[in-house]
>>> print(open('model_4.txt').read())   # compact mmCIF, C-alpha atoms
# COMPACT_ATOMS: atom_id res chain seq x y z
CA MET F 77 0.00 0.00 0.00
CA ASP F 78 1.44 3.37 -0.91
CA PRO F 79 2.38 5.57 2.05
CA PHE F 80 0.17 8.48 1.03
CA THR F 81 -2.92 6.31 0.81
CA THR F 82 -2.12 4.76 4.19
CA GLU F 83 -1.69 8.21 5.71
CA LEU F 84 -4.96 9.36 4.17
CA LYS F 85 -6.81 6.39 5.60
CA ALA F 86 -5.39 7.11 9.03
CA ARG F 87 -6.55 10.71 8.79
CA ILE F 88 -10.03 9.59 7.70
CA ILE F 89 -10.24 7.22 10.66
CA GLU F 90 -9.09 9.93 13.05
CA SER F 91 -11.27 12.73 11.74
CA LEU F 92 -14.41 10.59 11.49
CA ARG F 93 -13.67 8.77 14.77
CA LEU F 94 -14.21 5.37 13.20
CA GLU F 95 -14.05 2.92 16.08
CA ASP F 96 -12.18 -0.38 15.80
CA THR F 97 -11.06 0.43 12.25
CA THR F 98 -7.50 0.27 10.93
CA PRO F 99 -6.13 1.58 7.61
CA GLU F 100 -5.58 -2.02 6.50
CA GLN F 101 -9.31 -2.72 6.85
CA ILE F 102 -10.27 0.00 4.39
CA ASP F 103 -10.31 -1.18 0.78
CA ASP F 104 -8.70 1.35 -1.57
CA ASP F 105 -11.55 0.96 -4.06
CA ALA F 106 -14.51 0.49 -1.72
CA PRO F 107 -17.19 3.21 -1.85
CA LEU F 108 -16.80 5.73 0.96
CA PHE F 109 -20.53 6.40 1.18
CA GLY F 110 -23.47 4.05 1.48
CA GLU F 111 -22.05 0.55 1.28
CA GLY F 112 -18.34 0.14 1.83
CA LEU F 113 -17.19 2.49 4.58
CA GLY F 114 -20.79 3.53 5.21
CA LEU F 115 -20.25 7.27 5.50
CA ASP F 116 -23.10 9.80 5.32
CA SER F 117 -23.64 13.48 4.57
CA ILE F 118 -22.36 14.66 7.95
CA ASP F 119 -19.17 12.68 7.37
CA ALA F 120 -18.84 14.39 4.00
CA LEU F 121 -18.65 17.77 5.73
CA GLU F 122 -16.08 16.42 8.17
CA LEU F 123 -14.02 15.05 5.27
CA VAL F 124 -14.14 18.41 3.50
CA ALA F 125 -12.89 20.11 6.67
CA MET F 126 -10.14 17.50 7.08
CA LEU F 127 -8.94 17.99 3.49
CA GLU F 128 -8.77 21.72 4.03
CA ASN F 129 -7.00 21.49 7.40
CA GLN F 130 -4.57 18.71 6.60
CA TYR F 131 -3.93 19.05 2.88
CA HIS F 132 -4.98 22.65 2.16
CA VAL F 133 -7.33 21.34 -0.49
CA VAL F 134 -10.57 23.32 -0.64
CA ILE F 135 -13.82 21.83 -1.93
CA LYS F 136 -16.37 24.63 -2.12
CA ASP F 137 -19.08 22.59 -3.82
CA LEU F 138 -19.76 19.02 -2.70
CA GLU F 139 -21.17 18.23 -6.16
CA VAL F 140 -17.87 19.25 -7.75
CA GLY F 141 -16.01 17.11 -5.25
CA ARG F 142 -18.34 14.13 -5.60
CA PRO F 143 -16.02 12.12 -7.92
CA ALA F 144 -13.20 12.51 -5.39
CA PHE F 145 -15.33 10.88 -2.71
CA GLN F 146 -15.94 7.69 -4.68
CA SER F 147 -13.17 5.82 -2.86
CA VAL F 148 -9.94 6.30 -0.95
CA ARG F 149 -7.98 5.77 -4.15
CA ALA F 150 -10.01 8.48 -5.93
CA LEU F 151 -9.62 10.84 -2.98
CA ALA F 152 -5.85 10.30 -2.83
CA ALA F 153 -5.57 10.99 -6.57
CA PHE F 154 -7.71 14.11 -6.19
CA ILE F 155 -5.54 15.50 -3.40
CA GLN F 156 -2.32 14.81 -5.25
CA ALA F 157 -3.67 16.39 -8.43
CA LYS F 158 -4.75 19.50 -6.51
CA ARG F 159 -1.39 19.78 -4.84
CA ALA F 160 0.42 19.45 -8.15
CA SER F 161 -1.65 22.13 -9.87
CA MET X 157 -58.25 -0.10 27.27
CA ASP X 158 -55.14 -2.17 28.01
CA ASN X 159 -52.98 -1.23 30.94
CA LEU X 160 -49.80 0.61 30.10
CA ILE X 161 -46.90 -1.63 30.95
CA ILE X 162 -43.32 -0.67 31.73
CA ALA X 163 -41.68 -3.49 29.83
CA ALA X 164 -38.02 -2.64 30.50
CA ALA X 165 -35.84 -0.08 32.21
CA SER X 166 -32.18 0.81 32.14
CA ARG X 167 -29.74 3.43 33.31
CA VAL X 168 -26.17 4.12 32.26
CA SER X 169 -23.40 6.55 33.04
CA GLU X 170 -20.26 7.72 31.29
CA ALA X 171 -18.32 4.93 33.01
CA ASP X 172 -20.28 2.37 30.96
CA LEU X 173 -19.29 3.84 27.59
CA PRO X 174 -15.82 2.29 27.12
CA MET X 175 -17.42 -1.15 27.10
CA ALA X 176 -20.14 -0.18 24.63
CA ARG X 177 -19.75 -1.70 21.19
CA LEU X 178 -22.46 -0.12 19.11
CA GLY X 179 -20.80 0.00 15.71
CA LYS X 180 -17.93 1.90 14.18
CA ARG X 181 -19.94 5.15 13.99
CA PHE X 182 -20.54 5.27 17.74
CA GLY X 183 -17.39 7.34 18.28
CA ARG X 184 -18.80 10.14 16.13
CA LEU X 185 -21.70 10.79 18.47
CA ASP X 186 -21.55 13.42 21.17
CA LEU X 187 -21.58 12.26 24.78
CA ALA X 188 -25.33 12.72 25.23
CA SER X 189 -26.18 10.70 22.13
CA GLN X 190 -23.78 7.93 23.16
CA LEU X 191 -25.42 7.69 26.58
CA VAL X 192 -28.91 7.72 25.10
CA LEU X 193 -28.12 5.02 22.53
CA LEU X 194 -26.48 2.83 25.16
CA ALA X 195 -29.43 3.23 27.53
CA VAL X 196 -31.81 2.18 24.74
CA GLU X 197 -29.58 -0.77 23.88
CA MET X 198 -29.58 -1.82 27.52
CA LEU X 199 -33.38 -2.05 27.45
CA GLY X 200 -32.85 -5.27 25.52
CA ILE X 201 -35.86 -4.71 23.28
CA ASP X 202 -35.96 -6.75 20.07
CA PHE X 203 -37.36 -4.16 17.69
CA ASP X 204 -37.68 -6.83 15.00
CA THR X 205 -40.71 -8.04 16.94
CA GLN X 206 -42.28 -4.56 17.04
CA ARG X 207 -44.13 -2.55 14.42
CA ARG X 208 -41.50 0.12 13.93
CA ASP X 209 -43.98 2.72 12.68
CA ARG X 210 -45.93 2.30 15.94
CA VAL X 211 -43.02 2.84 18.31
CA GLY X 212 -42.56 6.41 19.53
CA ILE X 213 -39.46 8.06 20.96
CA CYS X 214 -39.47 10.58 23.82
CA LEU X 215 -36.34 12.32 24.97
CA ALA X 216 -35.93 14.53 28.02
CA ALA X 217 -32.68 16.40 27.56
CA ARG X 218 -32.38 17.88 31.01
CA ALA X 219 -29.41 20.08 30.21
CA GLY X 220 -30.32 20.44 26.56
CA SER X 221 -27.23 20.31 24.37
CA LEU X 222 -25.32 22.85 26.45
CA ALA X 223 -22.23 20.65 26.89
CA THR X 224 -21.91 20.12 23.14
CA ASP X 225 -22.75 23.76 22.45
CA LEU X 226 -19.84 24.76 24.66
CA GLU X 227 -17.49 22.27 23.01
CA PHE X 228 -18.49 23.59 19.59
CA TRP X 229 -18.03 27.18 20.72
CA ARG X 230 -14.58 26.44 22.06
CA GLY X 231 -13.72 24.73 18.79
CA ARG X 232 -13.69 28.13 17.13
CA ASP X 233 -10.10 28.48 18.26
CA ALA X 234 -8.99 25.19 16.71
CA VAL X 235 -7.17 25.10 13.39
CA GLY X 236 -9.87 25.02 10.71
CA GLY X 237 -12.61 25.87 13.19
CA PRO X 238 -15.04 23.59 15.00
CA SER X 239 -15.96 20.14 13.74
CA PRO X 240 -18.89 20.10 11.30
CA THR X 241 -20.01 16.85 12.87
CA LEU X 242 -20.14 18.45 16.28
CA PHE X 243 -22.42 21.14 14.87
CA ALA X 244 -25.10 18.53 14.18
CA TYR X 245 -25.08 17.56 17.85
CA THR X 246 -25.78 21.12 18.99
CA LEU X 247 -29.41 20.15 18.37
CA PRO X 248 -30.79 18.70 21.64
CA SER X 249 -33.08 16.40 19.65
CA MET X 250 -30.23 14.81 17.68
CA ALA X 251 -30.19 11.73 19.92
CA ILE X 252 -33.75 10.97 18.83
CA GLY X 253 -32.51 10.78 15.27
CA GLU X 254 -29.72 8.44 16.31
CA ILE X 255 -32.22 6.11 18.02
CA ALA X 256 -34.55 6.24 15.01
CA ILE X 257 -31.73 5.48 12.57
CA ARG X 258 -30.20 2.65 14.59
CA HIS X 259 -33.50 0.89 15.27
CA ARG X 260 -35.38 2.12 12.17
CA LEU X 261 -38.21 3.53 14.28
CA THR X 262 -40.64 5.82 12.47
CA GLY X 263 -43.32 6.51 15.08
CA PRO X 264 -43.97 9.91 16.72
CA ASN X 265 -41.19 11.64 18.60
CA LEU X 266 -40.84 14.36 21.19
CA CYS X 267 -37.88 16.18 22.69
CA VAL X 268 -38.20 18.33 25.80
CA VAL X 269 -35.34 20.41 27.11
CA GLY X 270 -34.89 21.23 30.76
CA SER X 271 -37.31 18.80 32.37
CA ASP X 272 -38.35 15.17 32.59
CA VAL X 273 -41.99 15.48 31.53
CA VAL X 274 -41.79 13.41 28.33
CA LEU X 275 -43.20 10.28 29.92
CA ALA X 276 -46.58 12.02 30.03
CA GLY X 277 -46.28 12.62 26.29
CA ALA X 278 -45.66 8.94 25.68
CA VAL X 279 -48.64 7.99 27.81
CA ASP X 280 -50.82 10.34 25.76
CA TRP X 281 -49.74 8.69 22.50
CA LEU X 282 -50.41 5.24 23.88
CA ARG X 283 -53.81 6.18 25.27
CA ARG X 284 -54.88 7.87 22.04
CA GLY X 285 -53.63 4.93 20.00
CA GLU X 286 -51.00 6.95 18.16
CA ALA X 287 -48.37 4.41 19.20
CA GLU X 288 -48.27 0.89 20.57
CA ALA X 289 -45.05 1.40 22.50
CA CYS X 290 -42.61 4.15 23.30
CA VAL X 291 -38.93 4.44 24.08
CA CYS X 292 -38.56 7.12 26.77
CA VAL X 293 -35.14 8.42 27.68
CA ALA X 294 -33.96 11.06 30.14
CA CYS X 295 -30.43 12.27 29.63
CA GLU X 296 -28.34 14.72 31.60
CA VAL X 297 -24.87 15.77 30.54
CA VAL X 298 -22.98 18.47 32.38
CA THR X 299 -19.32 18.16 31.48
CA PRO X 300 -16.64 19.46 33.86
CA ALA X 301 -16.10 22.43 31.52
CA LEU X 302 -19.81 23.28 31.59
CA ALA X 303 -20.08 22.63 35.32
CA GLY X 304 -17.43 25.26 35.94
CA LEU X 305 -19.47 27.78 33.99
CA ILE X 306 -22.92 27.17 35.41
CA GLY X 307 -21.95 26.17 38.93
CA VAL X 308 -23.47 22.70 39.16
CA PRO X 309 -21.73 19.33 39.67
CA PRO X 310 -20.65 17.41 36.54
CA VAL X 311 -22.93 14.55 35.54
CA ALA X 312 -23.28 12.24 32.53
CA THR X 313 -26.13 9.77 32.77
CA ALA X 314 -29.10 8.44 30.83
CA ALA X 315 -32.10 6.42 31.96
CA ALA X 316 -34.59 4.70 29.68
CA VAL X 317 -37.91 2.94 29.97
CA TYR X 318 -39.94 1.09 27.37
CA VAL X 319 -43.66 1.59 27.81
CA GLN X 320 -46.21 -0.40 25.86
CA ARG X 321 -49.93 -1.04 25.63
CA GLY X 322 -50.64 -4.37 27.30
CA GLY X 323 -48.38 -7.38 27.40
CA VAL X 324 -46.06 -8.32 30.20
CA GLY X 325 -43.24 -6.39 31.79
CA LEU X 326 -41.80 -5.03 35.00
CA ARG X 327 -45.02 -3.48 36.24
CA VAL X 328 -48.06 -1.44 35.31
CA TRP X 329 -47.49 2.27 34.67
CA GLU X 330 -49.03 4.37 37.44
CA GLU X 331 -50.29 7.94 37.34
CA ASN X 332 -47.49 9.17 39.57
CA ASP X 333 -44.79 7.68 37.31
CA ARG X 334 -43.64 10.97 35.81
CA ASP X 335 -39.90 11.07 36.24
CA ILE X 336 -37.93 8.60 34.11
CA ALA X 337 -34.73 8.83 36.12
CA SER X 338 -36.52 8.23 39.43
CA LEU X 339 -38.51 5.38 37.91
CA CYS X 340 -35.34 3.71 36.65
CA ALA X 341 -33.63 4.15 39.98
CA VAL X 342 -36.42 2.12 41.55
CA LEU X 343 -36.70 -0.49 38.79
CA CYS X 344 -33.07 -1.12 37.91
CA GLY X 345 -30.67 -3.31 39.82
CA HIS X 346 -26.99 -2.69 40.22
CA ASN X 347 -26.30 -3.70 36.63
CA GLY X 348 -28.39 -0.81 35.38
CA ARG X 349 -30.94 -2.98 33.64
CA ASN X 350 -34.19 -4.63 34.50
>>> encode(input="model_4.txt", output="structure tokens")
Amino acid sequence: MDPFTTELKARIIESLRLEDTTPEQIDDDAPLFGEGLGLDSIDALELVAMLENQYHVVIKDLEVGRPAFQSVRALAAFIQAKRAS
Amino acid sequence: MDNLIIAAASRVSEADLPMARLGKRFGRLDLASQLVLLAVEMLGIDFDTQRRDRVGICLAARAGSLATDLEFWRGRDAVGGPSPTLFAYTLPSMAIGEIAIRHRLTGPNLCVVGSDVVLAGAVDWLRRGEAEACVCVACEVVTPALAGLIGVPPVATAAAVYVQRGGVGLRVWEENDRDIASLCAVLCGHNGRN
């Protein structure tokens, strides 16, 4: 597992206070919302805040950011693309 | 009509929370919601045997959401501001939503801040036939930070009773059963459940 993805998973677990969950238990390609990690709309706001605080990536419109929230892999790619631009 | 029966009772405190295993999202909840959910869990009711649209929820939030309000307010000084999740829990009625989601209950609901009068509301629903049963919870959370501000001792407890029309249970509901916490103190043993 690449270090950035592992770090991202750890930050997701910490910011969303996911109990009894480790980075290894989160599938890179599993959906973050609904099935998979089972996140909801409140978690989405917490994720947006975490991205801004930890990675200085700003998502002003959740609809625009929706593709990034498909999975951890998609979110990691989104962050890295934003940082590179 | 049928007697109103107190089918189960429970009471929990903050000390019970570390042992609670109520799913990976439990850690997201504020302290009041955690206590309320645990108290309902401790009732031991199998909601699969109930008509979920006929089960009401009553919550007496004695201190409202003041403890979470204060935590949110103090979060203004944190990097990036207060947690968006915490904002949701600045609604005193949020714990009702958590109960409804966890147990998929869609009956009537009522939240009262600052008192313990919700049991009367549940009795009204049951007598009028608007519900067959009702989860009634009284919660009081005064964190040490809040206690210092308002000059009362810290407390973090929740007490719950399950009242239903007819059937069997702990005992028949009586007219002077108004205070959930007092009722639970009488009905519950040392393990907090009866």
>>> residues_around(input="model_4.txt", residues="Ile89 of chain F", least_positions_apart="6", cutoff="9 Å", atoms="all atoms listed in the file", output="mmCIF file with C-alpha atoms, in the frame of the given file")
data_model
loop_
_atom_site.group_PDB
_atom_site.id
_atom_site.type_symbol
_atom_site.label_atom_id
_atom_site.label_comp_id
_atom_site.auth_asym_id
_atom_site.auth_seq_id
_atom_site.Cartn_x
_atom_site.Cartn_y
_atom_site.Cartn_z
ATOM 1 C CA GLU F 95 -14.050 2.920 16.080
ATOM 2 C CA THR F 97 -11.060 0.430 12.250
ATOM 3 C CA THR F 98 -7.500 0.270 10.930
ATOM 4 C CA PRO F 99 -6.130 1.580 7.610
#
>>> interface_residues(input="model_4.txt", of="chain F", to="chain X", cutoff="6 Å", atoms="all atoms listed in the file", output="MDAnalysis selection string")
chainID F and resid 93:95 118 122 129
>>> atom_distance(input="model_4.txt", atom1="atom CA of Arg327 of chain X", atom2="atom CA of Asn159 of chain X")
9.8 Å
>>> closest_residue(input="model_4.txt", among="F:Asp104, F:Ala153, F:Val134, F:Met126", to="Glu90 of chain F", atoms="only C-alpha atoms")
F:Met126
>>> residues_around(input="model_4.txt", residues="Lys158 of chain F", least_positions_apart="2", cutoff="12 Å", atoms="all atoms listed in the file", output="count of residues only")
17
>>> residues_near_point(input="model_4.txt", point="(-44.0, 4.7, 15.5)", cutoff="12 Å", atoms="all atoms listed in the file", output="number ranges by chain")
X: 203, 206-214, 256, 259-266, 278, 281-282, 285-291, 320
>>> residues_around(input="model_4.txt", residues="Ser249 of chain X", least_positions_apart="5", cutoff="8 Å", atoms="all atoms listed in the file", output="PyMOL selection string")
chain X and resi 215+217+267
>>> residues_near_point(input="model_4.txt", point="(-35.7, 10.7, 29.8)", cutoff="7 Å", atoms="all atoms listed in the file", output="MDAnalysis selection string")
chainID X and resid 215:217 272 274 292:295 315:316 336:337
>>> closest_residue(input="model_4.txt", among="X:Cys340, X:Leu173, X:Arg334, X:Val297", to="Arg218 of chain X", atoms="only C-alpha atoms")
X:Val297
>>> residues_around(input="model_4.txt", residues="Val298 of chain X", least_positions_apart="2", cutoff="9 Å", atoms="all atoms listed in the file", output="list of chain:residue names")
X:Ala219, X:Leu222, X:Ala223, X:Glu296, X:Pro300, X:Ala301, X:Leu302, X:Ala303, X:Val308, X:Pro309, X:Pro310, X:Val311, X:Ala312
>>> axis_aligned_box(input="model_4.txt", around="segment 126-131 of chain F", padding_each_side="3 Å", output="JSON")
{"center_x": -7.0, "center_y": 19.6, "center_z": 5.1, "size_x": 12.2, "size_y": 10.2, "size_z": 10.5}
>>> decode(input="model_4.txt", residues="segment 101-138 of chain F", atoms="N, CA and C atoms", output="mmCIF file, in the first residue's frame")
data_model
loop_
_atom_site.group_PDB
_atom_site.id
_atom_site.type_symbol
_atom_site.label_atom_id
_atom_site.label_comp_id
_atom_site.auth_asym_id
_atom_site.auth_seq_id
_atom_site.Cartn_x
_atom_site.Cartn_y
_atom_site.Cartn_z
ATOM 1 N N GLN F 101 -7.936 -2.193 7.038
ATOM 2 C CA GLN F 101 -9.305 -2.715 6.853
ATOM 3 C C GLN F 101 -10.093 -1.934 5.811
ATOM 4 N N ILE F 102 -9.548 -0.810 5.375
ATOM 5 C CA ILE F 102 -10.270 -0.002 4.389
ATOM 6 C C ILE F 102 -9.751 -0.333 2.989
ATOM 7 N N ASP F 103 -10.646 -0.829 2.168
ATOM 8 C CA ASP F 103 -10.306 -1.179 0.784
ATOM 9 C C ASP F 103 -10.098 0.105 -0.024
ATOM 10 N N ASP F 104 -9.004 0.151 -0.776
ATOM 11 C CA ASP F 104 -8.698 1.346 -1.574
ATOM 12 C C ASP F 104 -9.842 1.718 -2.518
ATOM 13 N N ASP F 105 -10.536 0.715 -3.028
ATOM 14 C CA ASP F 105 -11.551 0.964 -4.060
ATOM 15 C C ASP F 105 -12.987 0.862 -3.549
ATOM 16 N N ALA F 106 -13.146 0.601 -2.272
ATOM 17 C CA ALA F 106 -14.513 0.486 -1.723
ATOM 18 C C ALA F 106 -15.176 1.859 -1.682
ATOM 19 N N PRO F 107 -16.479 1.917 -1.931
ATOM 20 C CA PRO F 107 -17.190 3.211 -1.846
ATOM 21 C C PRO F 107 -17.081 3.790 -0.435
ATOM 22 N N LEU F 108 -16.869 5.102 -0.361
ATOM 23 C CA LEU F 108 -16.800 5.728 0.956
ATOM 24 C C LEU F 108 -18.194 5.868 1.564
ATOM 25 N N PHE F 109 -19.170 6.134 0.692
ATOM 26 C CA PHE F 109 -20.529 6.404 1.176
ATOM 27 C C PHE F 109 -21.457 5.236 0.871
ATOM 28 N N GLY F 110 -22.531 5.150 1.661
ATOM 29 C CA GLY F 110 -23.472 4.049 1.484
ATOM 30 C C GLY F 110 -22.801 2.754 1.887
ATOM 31 N N GLU F 111 -22.753 1.792 0.982
ATOM 32 C CA GLU F 111 -22.046 0.548 1.283
ATOM 33 C C GLU F 111 -20.551 0.842 1.323
ATOM 34 N N GLY F 112 -19.770 -0.108 1.662
ATOM 35 C CA GLY F 112 -18.342 0.143 1.826
ATOM 36 C C GLY F 112 -18.084 0.698 3.208
ATOM 37 N N LEU F 113 -17.517 1.905 3.270
ATOM 38 C CA LEU F 113 -17.186 2.487 4.578
ATOM 39 C C LEU F 113 -18.440 2.982 5.308
ATOM 40 N N GLY F 114 -19.515 3.188 4.574
ATOM 41 C CA GLY F 114 -20.795 3.534 5.213
ATOM 42 C C GLY F 114 -20.888 4.955 5.706
ATOM 43 N N LEU F 115 -20.193 5.876 5.058
ATOM 44 C CA LEU F 115 -20.249 7.267 5.501
ATOM 45 C C LEU F 115 -21.555 7.924 5.062
ATOM 46 N N ASP F 116 -21.882 9.073 5.693
ATOM 47 C CA ASP F 116 -23.096 9.803 5.322
ATOM 48 C C ASP F 116 -22.778 11.278 5.098
ATOM 49 N N SER F 117 -23.831 12.080 4.961
ATOM 50 C CA SER F 117 -23.636 13.478 4.574
ATOM 51 C C SER F 117 -22.885 14.287 5.633
ATOM 52 N N ILE F 118 -23.095 13.949 6.901
ATOM 53 C CA ILE F 118 -22.355 14.661 7.955
ATOM 54 C C ILE F 118 -20.862 14.332 7.851
ATOM 55 N N ASP F 119 -20.572 13.071 7.561
ATOM 56 C CA ASP F 119 -19.171 12.681 7.374
ATOM 57 C C ASP F 119 -18.550 13.428 6.200
ATOM 58 N N ALA F 120 -19.363 13.674 5.168
ATOM 59 C CA ALA F 120 -18.845 14.393 4.000
ATOM 60 C C ALA F 120 -18.330 15.770 4.410
ATOM 61 N N LEU F 121 -19.085 16.440 5.271
ATOM 62 C CA LEU F 121 -18.652 17.769 5.732
ATOM 63 C C LEU F 121 -17.362 17.663 6.545
ATOM 64 N N GLU F 122 -17.285 16.613 7.358
ATOM 65 C CA GLU F 122 -16.077 16.419 8.174
ATOM 66 C C GLU F 122 -14.878 16.122 7.264
ATOM 67 N N LEU F 123 -15.109 15.356 6.203
ATOM 68 C CA LEU F 123 -14.023 15.054 5.272
ATOM 69 C C LEU F 123 -13.540 16.317 4.562
ATOM 70 N N VAL F 124 -14.502 17.147 4.165
ATOM 71 C CA VAL F 124 -14.137 18.408 3.497
ATOM 72 C C VAL F 124 -13.274 19.266 4.424
ATOM 73 N N ALA F 125 -13.663 19.334 5.696
ATOM 74 C CA ALA F 125 -12.888 20.109 6.672
ATOM 75 C C ALA F 125 -11.496 19.510 6.861
ATOM 76 N N MET F 126 -11.430 18.171 6.905
ATOM 77 C CA MET F 126 -10.135 17.497 7.081
ATOM 78 C C MET F 126 -9.217 17.778 5.897
ATOM 79 N N LEU F 127 -9.759 17.726 4.684
ATOM 80 C CA LEU F 127 -8.941 17.989 3.488
ATOM 81 C C LEU F 127 -8.375 19.404 3.524
ATOM 82 N N GLU F 128 -9.209 20.330 3.983
ATOM 83 C CA GLU F 128 -8.768 21.723 4.034
ATOM 84 C C GLU F 128 -7.697 21.915 5.116
ATOM 85 N N ASN F 129 -7.932 21.311 6.274
ATOM 86 C CA ASN F 129 -7.000 21.489 7.397
ATOM 87 C C ASN F 129 -5.679 20.767 7.185
ATOM 88 N N GLN F 130 -5.769 19.547 6.684
ATOM 89 C CA GLN F 130 -4.566 18.711 6.600
ATOM 90 C C GLN F 130 -3.823 18.848 5.279
ATOM 91 N N TYR F 131 -4.575 19.056 4.215
ATOM 92 C CA TYR F 131 -3.934 19.052 2.884
ATOM 93 C C TYR F 131 -4.094 20.378 2.136
ATOM 94 N N HIS F 132 -4.745 21.330 2.769
ATOM 95 C CA HIS F 132 -4.981 22.650 2.160
ATOM 96 C C HIS F 132 -5.680 22.525 0.797
ATOM 97 N N VAL F 133 -6.520 21.535 0.712
ATOM 98 C CA VAL F 133 -7.332 21.336 -0.487
ATOM 99 C C VAL F 133 -8.752 21.787 -0.165
ATOM 100 N N VAL F 134 -9.255 22.742 -0.935
ATOM 101 C CA VAL F 134 -10.567 23.319 -0.641
ATOM 102 C C VAL F 134 -11.605 22.778 -1.632
ATOM 103 N N ILE F 135 -12.684 22.248 -1.094
ATOM 104 C CA ILE F 135 -13.816 21.826 -1.933
ATOM 105 C C ILE F 135 -14.983 22.730 -1.562
ATOM 106 N N LYS F 136 -15.303 23.675 -2.437
ATOM 107 C CA LYS F 136 -16.371 24.628 -2.119
ATOM 108 C C LYS F 136 -17.749 24.081 -2.453
ATOM 109 N N ASP F 137 -17.795 23.146 -3.377
ATOM 110 C CA ASP F 137 -19.078 22.587 -3.817
ATOM 111 C C ASP F 137 -18.982 21.066 -3.743
ATOM 112 N N LEU F 138 -19.820 20.470 -2.875
ATOM 113 C CA LEU F 138 -19.759 19.016 -2.704
ATOM 114 C C LEU F 138 -20.049 18.274 -4.007
#
